[in-house]
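**Q** I'd like to ask some things about the structure below.
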Amino acid sequence: MWKRYFKFIKLKPGKVVTAQFGEIDFSADSIGIEIIQALYENGFPYLEITAEGQAELYGGISETEESLEIRKPRYGKKAKTLR
Amino acid sequence: MGGITQKVYFGYHADVATFPPKPVAPATLETAAALTGDLTMKAGKRMFEMYLTDDTGEFKIDPVGEVDGKSFVSHLTLFHPGLQKKIIGFMNAAKNENLVFIVVDSNDNKFLMGDALRPAVYAGSPDGGGTGKTTASRAGMSAEFTYKTANIYLYEGNIPLTEATV
């Protein structure tokens with residue numbers, strides 16, 4: 001599920017001991033999106049958001065922002081509830 | 001709470017791509033104690049985890065040197081139960097290799113043994129290793145690793161246990 005919204009990068013999918021949540025196996029599909037999103041927002045270096053994740057979790061980006069290449073998450077904005 | 005956790009993390013010093021930078025002109029004591037960023041590995045390389053018997057591991061910091069020339073030697077001691085291929089292979093590989101360790105204490109402080117200039121090295125087997133004499137003995141291998149450093153730092157990054165691709 002989370003892999004639709006984020007891409008695991010720089011490492012082969014597998015275990016990382018994260019500073020925030022301890023050991024996580026990123027080859028698994030069953031990791032909660034809240035955990036992945038919290039890691040991403042805290043600057044975890046092995047995650048990249050997908051276009052679908054950007055749109056679903058942060059409401060997409062405006063044309064102005066896109067032209068300025070601002071692609072950071074909008075902190076403080078409540079993420080949509082996932083179904 | 002004392003002691004270290006039941007896992008330590010290690011890698012070959014030569015396999016490390018980048019070490020987290022040390023604090024420069026830190027404004028507080030807390031920032032003087034912490035490394036910022038992640039230790040990253042070269043492509044195709046990774047860090048490993050090693051199990052140790054609970055209450056057999058210790059991370060110890062010894063100040064050394066003369067006045068105006070003080071530094072530290074940190075020591076990691078541990079006991080790995082059993083004599084499986086994995087621990088024998090580790091001892092064979094580690095005895096003359098330059099290593100890095102990340103040691104996690106019982107309060108979730110992580111200590112990095114190794115930096116861009118100096119590795120952690122195997123120092124011996126403080127409690128020996130082998131089968132023991134009786135059937136009730138605990139077979140296994142003890143090991144000690146040391147790291148000489150000007151300063152002690154906490155590691156606040158992530159630990160990659162899977163191969164780097166870039």
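If you're wondering about the labels, chains in the structure tokens are A, B, ... by order shown, residues count from 1 in each chain, ligands from 1 in order shown.
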Counting only C-alpha atoms, a student should be able to say which residues of chain B come within 8 Å of chain A; what is the right answer, written as a PyMOL selection string?
**A** chain B and resi 156-166
**Q** How would the residues just picked look written out with N, CA and C atoms as a tab-separated table (two decimals), in the first residue's frame?
**A**
```
chain	number	residue	atom	x	y	z
B	156	GLU	N	23.02	9.65	15.59
B	156	GLU	CA	21.57	9.87	15.59
B	156	GLU	C	20.94	9.53	14.25
B	157	GLY	N	21.69	8.85	13.39
B	157	GLY	CA	21.18	8.52	12.07
B	157	GLY	C	20.56	7.13	12.02
B	158	ASN	N	20.39	6.64	10.79
B	158	ASN	CA	19.78	5.34	10.53
B	158	ASN	C	20.89	4.32	10.24
B	159	ILE	N	20.55	3.05	10.36
B	159	ILE	CA	21.54	1.99	10.14
B	159	ILE	C	21.07	1.12	8.98
B	160	PRO	N	21.73	1.19	7.83
B	160	PRO	CA	21.29	0.41	6.66
B	160	PRO	C	21.75	-1.04	6.75
B	161	LEU	N	20.79	-1.96	6.83
B	161	LEU	CA	21.13	-3.39	6.91
B	161	LEU	C	20.87	-4.09	5.59
B	162	THR	N	20.75	-3.32	4.55
B	162	THR	CA	20.58	-3.86	3.21
B	162	THR	C	21.53	-3.11	2.27
B	163	GLU	N	21.88	-3.75	1.17
B	163	GLU	CA	22.93	-3.21	0.31
B	163	GLU	C	22.59	-1.86	-0.30
B	164	ALA	N	23.59	-0.99	-0.32
B	164	ALA	CA	23.41	0.30	-0.99
B	164	ALA	C	23.41	0.08	-2.50
B	165	THR	N	22.61	0.85	-3.20
B	165	THR	CA	22.54	0.72	-4.66
B	165	THR	C	23.24	1.86	-5.37
B	166	VAL	N	23.54	2.91	-4.65
B	166	VAL	CA	24.24	4.06	-5.28
B	166	VAL	C	25.44	4.44	-4.44
```
**Q** Can you list, as a PyMOL selection string, every protein, DNA or RNA residue that comes within 12 Å of Ala38 (chain A) when you count only C-alpha atoms, leaving out same-chain residues fewer than 2 positions away?
**A** chain A and resi 6+18-21+31-36+40-44+47+57+73+75+79
**Q** Among region 15-121 of chain B, which ones does DSSP assign to helix (DSSP H, G or I) (computed from the backbone)? Answer as a PyMOL selection string.
**A** chain B and resi 15+31-33+85-94
**Q** In Å, how far is it from CA of Asn98 (chain B) to CA of Thr53 (chain B)?
**A**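 Atom-to-atom, CA of Asn98 (chain B) to CA of Thr53 (chain B), that is 23.9 Å.
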**Q** So the first atom is CA of Asp29 (chain A) and the second is CA of Ala55 (chain A); what is the distance between them in Å, to one decimal place?
**A**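 Answer for the CA of Asp29 (chain A) to CA of Ala55 (chain A) separation: 20.1 Å.
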**Q** In Å, how far is it from CA of Leu99 (chain B) to CA of Ser125 (chain B)?
**A**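 Distance reported for this atom pair: 16.2 Å.
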**Q** Need to verify the contact set: Lys3 (chain A), 9 Å, only C-alpha atoms, exclusion of same-chain residues closer than 4 positions in sequence. Can you return it as an MDAnalysis selection string?
**A** chainID A and resid 7:8 29 50 53
**Q** So that I can see what lies close to Ala139 (chain B), please list as an MDAnalysis selection string the residues with an atom at most 7 Å from it, counting only C-alpha atoms and leaving out residues fewer than 3 positions away in the same chain.
**A** chainID B and resid 81:83 130:132
**Q** Region 2-11 of chain B: which residues within 7 Å, counting only C-alpha atoms, same-chain residues fewer than 2 positions away excluded, as a PDB file with C-alpha atoms, in the first residue's frame?
**A**
```pdb
ATOM      1  CA  HIS B  13      35.557   0.406   7.421  1.00  0.00           C
ATOM      2  CA  ARG B  46      25.878  -2.964   3.836  1.00  0.00           C
ATOM      3  CA  MET B  47      26.109  -3.126   7.590  1.00  0.00           C
ATOM      4  CA  PHE B  48      25.388  -6.313   9.524  1.00  0.00           C
ATOM      5  CA  GLU B  49      23.845  -7.115  12.866  1.00  0.00           C
ATOM      6  CA  MET B  50      25.249  -9.475  15.454  1.00  0.00           C
ATOM      7  CA  TYR B  51      23.384 -11.011  18.359  1.00  0.00           C
ATOM      8  CA  LEU B  52      24.954 -11.127  21.789  1.00  0.00           C
ATOM      9  CA  THR B  53      23.819 -12.793  24.979  1.00  0.00           C
ATOM     10  CA  ASP B  54      21.982 -10.379  27.242  1.00  0.00           C
ATOM     11  CA  ASP B  55      24.096  -8.819  29.994  1.00  0.00           C
ATOM     12  CA  GLY B  57      27.937  -6.787  26.311  1.00  0.00           C
ATOM     13  CA  GLU B  58      29.487  -3.557  27.478  1.00  0.00           C
ATOM     14  CA  LEU B  99      35.700  -2.181  11.223  1.00  0.00           C
ATOM     15  CA  VAL B 100      32.979   0.209  12.304  1.00  0.00           C
ATOM     16  CA  PHE B 101      30.425  -0.561  15.000  1.00  0.00           C
ATOM     17  CA  ILE B 102      27.233   1.069  16.137  1.00  0.00           C
ATOM     18  CA  VAL B 103      26.458   0.128  19.727  1.00  0.00           C
ATOM     19  CA  VAL B 104      23.009   0.807  21.162  1.00  0.00           C
ATOM     20  CA  ASP B 105      22.706   1.136  24.919  1.00  0.00           C
ATOM     21  CA  SER B 106      19.642   0.352  27.006  1.00  0.00           C
TER      22      SER B 106
END
```
**Q** Fewer than 6 positions away in the same chain doesn't count, so skip those; otherwise give me all residues within 10 Å of Asp115 (chain B), counting only C-alpha atoms, as a ChimeraX atom specification.
**A** /B:13,16,18-22,39,99-100,147-149
**Q** Give the strand (DSSP E or B) residues of region 51-132 of chain B, as assigned by DSSP on the backbone, as a ChimeraX atom specification.
**A** /B:51,58-64,71-81,99-105,110-113,120-124,129-130
**Q** For those residues, write N, CA and C atoms to a file as a short mmCIF file (atom, residue, chain, number, x, y, z; two decimals), in the first residue's frame.
**A**
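See result26.cif below for the written result:
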```cif
data_model
loop_
_atom_site.label_atom_id
_atom_site.label_comp_id
_atom_site.auth_asym_id
_atom_site.auth_seq_id
_atom_site.Cartn_x
_atom_site.Cartn_y
_atom_site.Cartn_z
N TYR B 51 24.06 -10.75 17.09
CA TYR B 51 23.38 -11.01 18.36
C TYR B 51 24.42 -11.24 19.45
N GLU B 58 29.21 -4.83 26.79
CA GLU B 58 29.49 -3.56 27.48
C GLU B 58 30.18 -2.59 26.53
N PHE B 59 29.78 -1.34 26.62
CA PHE B 59 30.48 -0.27 25.92
C PHE B 59 31.14 0.60 26.99
N LYS B 60 32.45 0.71 26.91
CA LYS B 60 33.20 1.37 27.97
C LYS B 60 34.08 2.46 27.37
N ILE B 61 34.16 3.58 28.06
CA ILE B 61 34.96 4.71 27.56
C ILE B 61 36.09 4.97 28.54
N ASP B 62 37.33 4.85 28.06
CA ASP B 62 38.50 5.10 28.90
C ASP B 62 39.22 6.36 28.43
N PRO B 63 39.35 7.37 29.30
CA PRO B 63 40.19 8.52 28.94
C PRO B 63 41.66 8.10 28.99
N VAL B 64 42.45 8.55 28.03
CA VAL B 64 43.87 8.20 28.00
C VAL B 64 44.69 9.45 27.66
N SER B 71 42.68 11.98 25.21
CA SER B 71 41.74 11.44 24.22
C SER B 71 41.04 10.24 24.85
N PHE B 72 40.34 9.46 24.03
CA PHE B 72 39.57 8.35 24.58
C PHE B 72 39.85 7.06 23.80
N VAL B 73 39.74 5.97 24.52
CA VAL B 73 39.66 4.66 23.86
C VAL B 73 38.34 4.04 24.29
N SER B 74 37.48 3.76 23.31
CA SER B 74 36.22 3.09 23.66
C SER B 74 36.37 1.60 23.40
N HIS B 75 35.74 0.82 24.26
CA HIS B 75 35.83 -0.64 24.20
C HIS B 75 34.43 -1.23 24.06
N LEU B 76 34.27 -2.15 23.16
CA LEU B 76 33.05 -2.94 23.07
C LEU B 76 33.42 -4.39 23.38
N THR B 77 32.79 -4.94 24.42
CA THR B 77 32.98 -6.36 24.69
C THR B 77 31.62 -7.05 24.59
N LEU B 78 31.65 -8.30 24.13
CA LEU B 78 30.40 -9.04 23.96
C LEU B 78 30.68 -10.54 23.97
N PHE B 79 29.60 -11.30 24.15
CA PHE B 79 29.68 -12.76 24.06
C PHE B 79 28.59 -13.22 23.10
N HIS B 80 29.00 -13.94 22.07
CA HIS B 80 28.04 -14.50 21.13
C HIS B 80 27.89 -15.99 21.43
N PRO B 81 26.67 -16.46 21.70
CA PRO B 81 26.50 -17.88 22.04
C PRO B 81 26.60 -18.78 20.82
N LEU B 99 37.15 -2.06 11.11
CA LEU B 99 35.70 -2.18 11.22
C LEU B 99 35.07 -0.88 11.71
N VAL B 100 33.76 -0.82 11.60
CA VAL B 100 32.98 0.21 12.30
C VAL B 100 31.86 -0.51 13.05
N PHE B 101 31.52 0.00 14.21
CA PHE B 101 30.43 -0.56 15.00
C PHE B 101 29.46 0.56 15.37
N ILE B 102 28.21 0.20 15.48
CA ILE B 102 27.23 1.07 16.14
C ILE B 102 26.66 0.27 17.31
N VAL B 103 26.87 0.80 18.50
CA VAL B 103 26.46 0.13 19.73
C VAL B 103 25.28 0.89 20.32
N VAL B 104 24.22 0.18 20.62
CA VAL B 104 23.01 0.81 21.16
C VAL B 104 22.90 0.44 22.64
N ASP B 105 22.83 1.46 23.49
CA ASP B 105 22.71 1.14 24.92
C ASP B 105 21.23 0.97 25.30
N LYS B 110 23.04 5.70 20.72
CA LYS B 110 23.84 4.92 19.77
C LYS B 110 25.25 5.51 19.71
N PHE B 111 26.24 4.65 19.88
CA PHE B 111 27.63 5.09 19.85
C PHE B 111 28.29 4.54 18.59
N LEU B 112 28.89 5.44 17.81
CA LEU B 112 29.58 5.03 16.59
C LEU B 112 31.06 4.82 16.91
N MET B 113 31.53 3.61 16.66
CA MET B 113 32.96 3.31 16.84
C MET B 113 33.59 3.26 15.45
N ALA B 120 37.43 0.88 14.15
CA ALA B 120 37.43 0.01 15.32
C ALA B 120 38.19 -1.26 14.93
N VAL B 121 38.94 -1.81 15.87
CA VAL B 121 39.72 -3.02 15.56
C VAL B 121 39.50 -4.09 16.62
N TYR B 122 39.71 -5.33 16.21
CA TYR B 122 39.59 -6.48 17.12
C TYR B 122 40.76 -6.44 18.10
N ALA B 123 40.44 -6.56 19.39
CA ALA B 123 41.49 -6.48 20.40
C ALA B 123 41.73 -7.80 21.11
N GLY B 124 40.85 -8.77 20.90
CA GLY B 124 41.06 -10.05 21.56
C GLY B 124 39.76 -10.64 22.06
N GLY B 129 36.85 -18.30 24.18
CA GLY B 129 35.83 -18.81 23.28
C GLY B 129 36.02 -20.30 23.12
N GLY B 130 34.97 -21.00 22.75
CA GLY B 130 35.08 -22.44 22.55
C GLY B 130 33.86 -23.16 23.09
#
```
